[in-house]
$ cat query_17.pdb   # PDB, C-alpha atoms
ATOM      1  CA  MET Q  19      45.631   6.678  -2.832
ATOM      2  CA  SER Q  20      45.232  10.430  -2.914
ATOM      3  CA  LEU Q  21      42.890  12.720  -1.054
ATOM      4  CA  PHE Q  22      40.552  12.462  -4.036
ATOM      5  CA  GLY Q  23      40.564   8.663  -4.165
ATOM      6  CA  ASP Q  24      41.639   7.274  -7.511
ATOM      7  CA  HIS Q  25      40.699  10.513  -9.272
ATOM      8  CA  LYS Q  26      43.423  12.883 -10.390
ATOM      9  CA  MET Q  27      42.832  16.567  -9.746
ATOM     10  CA  THR Q  28      43.112  18.566 -12.958
ATOM     11  CA  ALA Q  29      44.112  22.218 -13.054
ATOM     12  CA  ALA Q  30      40.531  23.175 -13.920
ATOM     13  CA  GLY Q  31      39.211  21.044 -11.083
ATOM     14  CA  LEU Q  32      41.663  22.597  -8.645
ATOM     15  CA  LYS Q  33      40.646  26.109  -9.720
ATOM     16  CA  THR Q  34      36.967  25.203  -9.315
ATOM     17  CA  LEU Q  35      37.636  23.740  -5.858
ATOM     18  CA  THR Q  36      39.637  26.824  -4.843
ATOM     19  CA  LEU Q  37      36.886  29.155  -6.057
ATOM     20  CA  ALA Q  38      34.211  27.136  -4.252
ATOM     21  CA  LEU Q  39      36.196  27.185  -1.002
ATOM     22  CA  ALA Q  40      36.850  30.921  -1.337
ATOM     23  CA  CYS Q  41      33.146  31.610  -1.924
ATOM     24  CA  ALA Q  42      32.192  29.439   1.029
ATOM     25  CA  GLY Q  43      34.697  31.300   3.199
ATOM     26  CA  VAL Q  44      33.322  34.659   2.142
ATOM     27  CA  LEU Q  45      29.740  33.602   2.796
ATOM     28  CA  ALA Q  46      30.568  31.972   6.115
ATOM     29  CA  GLY Q  47      32.681  34.763   7.551
ATOM     30  CA  CYS Q  48      31.482  38.099   6.257
ATOM     31  CA  SER Q  49      31.343  39.621   9.730
ATOM     32  CA  GLU Q  50      34.812  38.383  10.640
ATOM     33  CA  SER Q  51      36.582  39.247   7.386
ATOM     34  CA  ARG Q  52      38.619  42.054   8.969
ATOM     35  CA  LYS Q  53      40.022  39.638  11.551
ATOM     36  CA  ASN Q  54      41.471  37.494   8.772
ATOM     37  CA  LEU Q  55      43.345  40.298   7.007
ATOM     38  CA  PRO Q  56      47.120  40.337   7.328
ATOM     39  CA  VAL Q  57      48.374  43.166   9.516
ATOM     40  CA  PHE Q  58      51.211  45.473   8.459
ATOM     41  CA  ASP Q  59      52.585  48.102  10.828
ATOM     42  CA  GLY Q  60      49.624  47.448  13.119
ATOM     43  CA  VAL Q  61      46.969  48.029  10.426
ATOM     44  CA  ALA Q  62      44.795  45.415   8.694
ATOM     45  CA  PHE Q  63      44.692  46.522   5.048
ATOM     46  CA  ARG Q  64      42.258  45.336   2.391
ATOM     47  CA  THR Q  65      44.261  44.547  -0.732
ATOM     48  CA  SER Q  66      43.678  43.308  -4.249
ATOM     49  CA  ALA Q  67      45.869  42.493  -7.229
ATOM     50  CA  ALA Q  68      44.856  41.803 -10.813
ATOM     51  CA  ALA Q  69      46.242  41.840 -14.318
ATOM     52  CA  VAL Q  70      46.256  45.262 -15.951
ATOM     53  CA  ASP Q  71      45.184  43.707 -19.281
ATOM     54  CA  LYS Q  72      44.664  39.912 -19.360
ATOM     55  CA  LYS Q  73      44.469  39.923 -23.144
ATOM     56  CA  VAL Q  74      48.010  41.274 -23.410
ATOM     57  CA  SER Q  75      49.694  39.599 -20.417
ATOM     58  CA  ARG Q  76      48.767  38.425 -16.946
ATOM     59  CA  ALA Q  77      52.354  39.175 -15.868
ATOM     60  CA  VAL Q  78      51.726  42.933 -15.685
ATOM     61  CA  PHE Q  79      49.529  43.583 -12.667
ATOM     62  CA  GLU Q  80      48.250  46.308 -10.404
ATOM     63  CA  ALA Q  81      48.056  45.927  -6.631
ATOM     64  CA  GLN Q  82      45.745  48.176  -4.630
ATOM     65  CA  VAL Q  83      45.825  48.829  -0.899
ATOM     66  CA  ARG Q  84      42.839  50.594   0.643
ATOM     67  CA  ASN Q  85      43.139  53.088   3.520
ATOM     68  CA  ALA Q  86      46.859  53.570   2.800
ATOM     69  CA  PRO Q  87      47.188  56.831   4.810
ATOM     70  CA  ALA Q  88      46.604  54.813   8.007
ATOM     71  CA  SER Q  89      50.274  53.745   7.662
ATOM     72  CA  LEU Q  90      52.195  54.405   4.463
ATOM     73  CA  GLU Q  91      54.951  51.970   5.487
ATOM     74  CA  GLY Q  92      52.357  49.315   6.306
ATOM     75  CA  ALA Q  93      50.552  50.003   3.020
ATOM     76  CA  ARG Q  94      53.843  49.589   1.123
ATOM     77  CA  GLU Q  95      54.331  46.147   2.695
ATOM     78  CA  ALA Q  96      50.676  45.199   2.149
ATOM     79  CA  GLY Q  97      51.094  46.101  -1.540
ATOM     80  CA  ARG Q  98      54.242  43.977  -1.749
ATOM     81  CA  PHE Q  99      52.333  41.113  -0.106
ATOM     82  CA  ALA Q 100      49.409  41.406  -2.563
ATOM     83  CA  GLY Q 101      51.768  41.503  -5.549
ATOM     84  CA  THR Q 102      53.794  38.555  -4.293
ATOM     85  CA  ARG Q 103      50.656  36.512  -3.705
ATOM     86  CA  TYR Q 104      49.412  37.385  -7.220
ATOM     87  CA  CYS Q 105      52.672  36.329  -8.889
ATOM     88  CA  ILE Q 106      52.930  33.097  -6.906
ATOM     89  CA  GLU Q 107      49.329  32.152  -7.757
ATOM     90  CA  ASN Q 108      49.759  32.951 -11.460
ATOM     91  CA  TYR Q 109      53.425  32.158 -12.155
ATOM     92  CA  GLY Q 110      54.771  30.213  -9.187
ATOM     93  CA  THR Q 111      57.368  32.889  -8.451
ATOM     94  CA  SER Q 112      57.723  35.764  -6.043
ATOM     95  CA  LYS Q 113      60.090  37.699  -8.303
ATOM     96  CA  ILE Q 114      58.589  41.048  -9.250
ATOM     97  CA  ASP Q 115      59.888  43.964 -11.281
ATOM     98  CA  TRP Q 116      58.110  46.931  -9.666
ATOM     99  CA  ALA Q 117      57.360  50.088 -11.677
ATOM    100  CA  ILE Q 118      58.750  52.131  -8.751
ATOM    101  CA  ASP Q 119      61.416  51.259  -6.192
ATOM    102  CA  ILE Q 120      59.221  50.078  -3.331
ATOM    103  CA  ASP Q 121      62.312  49.116  -1.302
ATOM    104  CA  ASP Q 122      63.373  52.763  -1.019
ATOM    105  CA  PRO Q 123      61.397  54.496   1.740
ATOM    106  CA  ALA Q 124      62.188  57.850   0.110
ATOM    107  CA  THR Q 125      60.287  56.877  -3.068
ATOM    108  CA  PRO Q 126      56.910  58.644  -3.041
ATOM    109  CA  LEU Q 127      54.031  56.202  -3.091
ATOM    110  CA  PRO Q 128      51.402  56.599  -5.839
ATOM    111  CA  LEU Q 129      48.079  57.314  -4.137
ATOM    112  CA  ASP Q 130      44.665  57.603  -5.739
ATOM    113  CA  GLY Q 131      42.709  59.192  -2.922
ATOM    114  CA  ASP Q 132      43.314  56.847   0.014
ATOM    115  CA  ILE Q 133      44.247  53.880  -2.212
ATOM    116  CA  LEU Q 134      47.870  52.949  -2.819
ATOM    117  CA  VAL Q 135      48.265  51.741  -6.420
ATOM    118  CA  LEU Q 136      51.405  49.765  -7.253
ATOM    119  CA  GLN Q 137      52.205  48.272 -10.635
ATOM    120  CA  GLY Q 138      54.600  45.437 -11.265
ATOM    121  CA  THR Q 139      55.522  42.617 -13.594
ATOM    122  CA  CYS Q 140      55.859  39.014 -12.465
ATOM    123  CA  ASN Q 141      59.307  37.812 -13.497
ATOM    124  CA  PRO Q 142      59.214  34.030 -13.899
TER
END

$ encode --input "query_17.pdb" --output "structure tokens"
Amino acid sequence: MSLFGDHKMTAAGLKTLTLALACAGVLAGCSESRKNLPVFDGVAFRTSAAAVDKKVSRAVFEAQVRNAPASLEGAREAGRFAGTRYCIENYGTSKIDWAIDIDDPATPLPLDGDILVLQGTCNP
């Protein structure tokens, strides 16, 4: 017997459950949200990652890291983390072809104000 009794969890049901749990977490912990952020180079960065154009391909995504000047090295790793999480959630892989060489510390990071913007392609 599974966690859900004799019912099988469908992909749609799992997505709905995940969304409901995420919403509940947001509503329950708004004041503590900064505590739950991963820390890179001593800084808790807010990150996001989403497809550039879902209609064309979800594989091509953009990861954003807010307050990047607080630690450019930390922001680089936070961007890698956001991209990896995005690709795992959407493709089940952590392989990413980045638009720039994010492994080279000499590569200038693309900033839009104080937001680091990295683009990549999930490589399943």

$ closest_residue --input "query_17.pdb" --among "Q:Asp115, Q:Glu95, Q:Asp132, Q:Glu107" --to "Val78 (chain Q)" --atoms "only C-alpha atoms"
Q:Asp115

$ closest_residue --input "query_17.pdb" --among "Q:Thr102, Q:Gln137, Q:Thr125, Q:Ser112" --to "Gln82 (chain Q)" --atoms "all atoms listed in the file"
Q:Gln137

$ closest_residue --input "query_17.pdb" --among "Q:Pro87, Q:Gly101, Q:Pro126, Q:Gly110" --to "Ala67 (chain Q)" --atoms "all atoms listed in the file"
Q:Gly101

$ resolve_selection --input "query_17.pdb" --expression "the PyMOL selection byres ((chain Q and resi 100) around 7)" --output "ChimeraX atom specification"
/Q:65-67,81,96-99,101-104

$ atom_distance --input "query_17.pdb" --atom1 "CA of Ala68 (chain Q)" --atom2 "CA of Ile120 (chain Q)"
18.2 Å

$ residues_around --input "query_17.pdb" --residues "Phe63 (chain Q)" --least-positions-apart "4" --cutoff "7 Å" --atoms "only C-alpha atoms" --output "JSON, numbers by chain"
{"Q": [55, 57, 83, 84, 85, 96]}

$ resolve_selection --input "query_17.pdb" --expression "the PyMOL selection byres ((chain Q and resi 90) around 10)" --output "ChimeraX atom specification"
/Q:58-59,85-89,91-96,123,126-127,129,134

$ residues_near_point --input "query_17.pdb" --point "(57.2, 35.6, -17.4)" --cutoff "8 Å" --atoms "all atoms listed in the file" --output "ChimeraX atom specification"
/Q:77,109,140-142

$ atom_distance --input "query_17.pdb" --atom1 "CA of Asp121 (chain Q)" --atom2 "CA of Val74 (chain Q)"
27.5 Å

$ atom_distance --input "query_17.pdb" --atom1 "CA of Asp119 (chain Q)" --atom2 "CA of Lys72 (chain Q)"
24.1 Å

$ closest_residue --input "query_17.pdb" --among "Q:Cys105, Q:Gly60, Q:Gly131, Q:Leu136" --to "Ala117 (chain Q)" --atoms "all atoms listed in the file"
Q:Leu136

$ axis_aligned_box --input "query_17.pdb" --around "region 99-113 of chain Q" --padding-each-side "5 Å" --output "JSON"
{"center_x": 54.7, "center_y": 35.9, "center_z": -6.1, "size_x": 20.8, "size_y": 21.3, "size_z": 22.0}
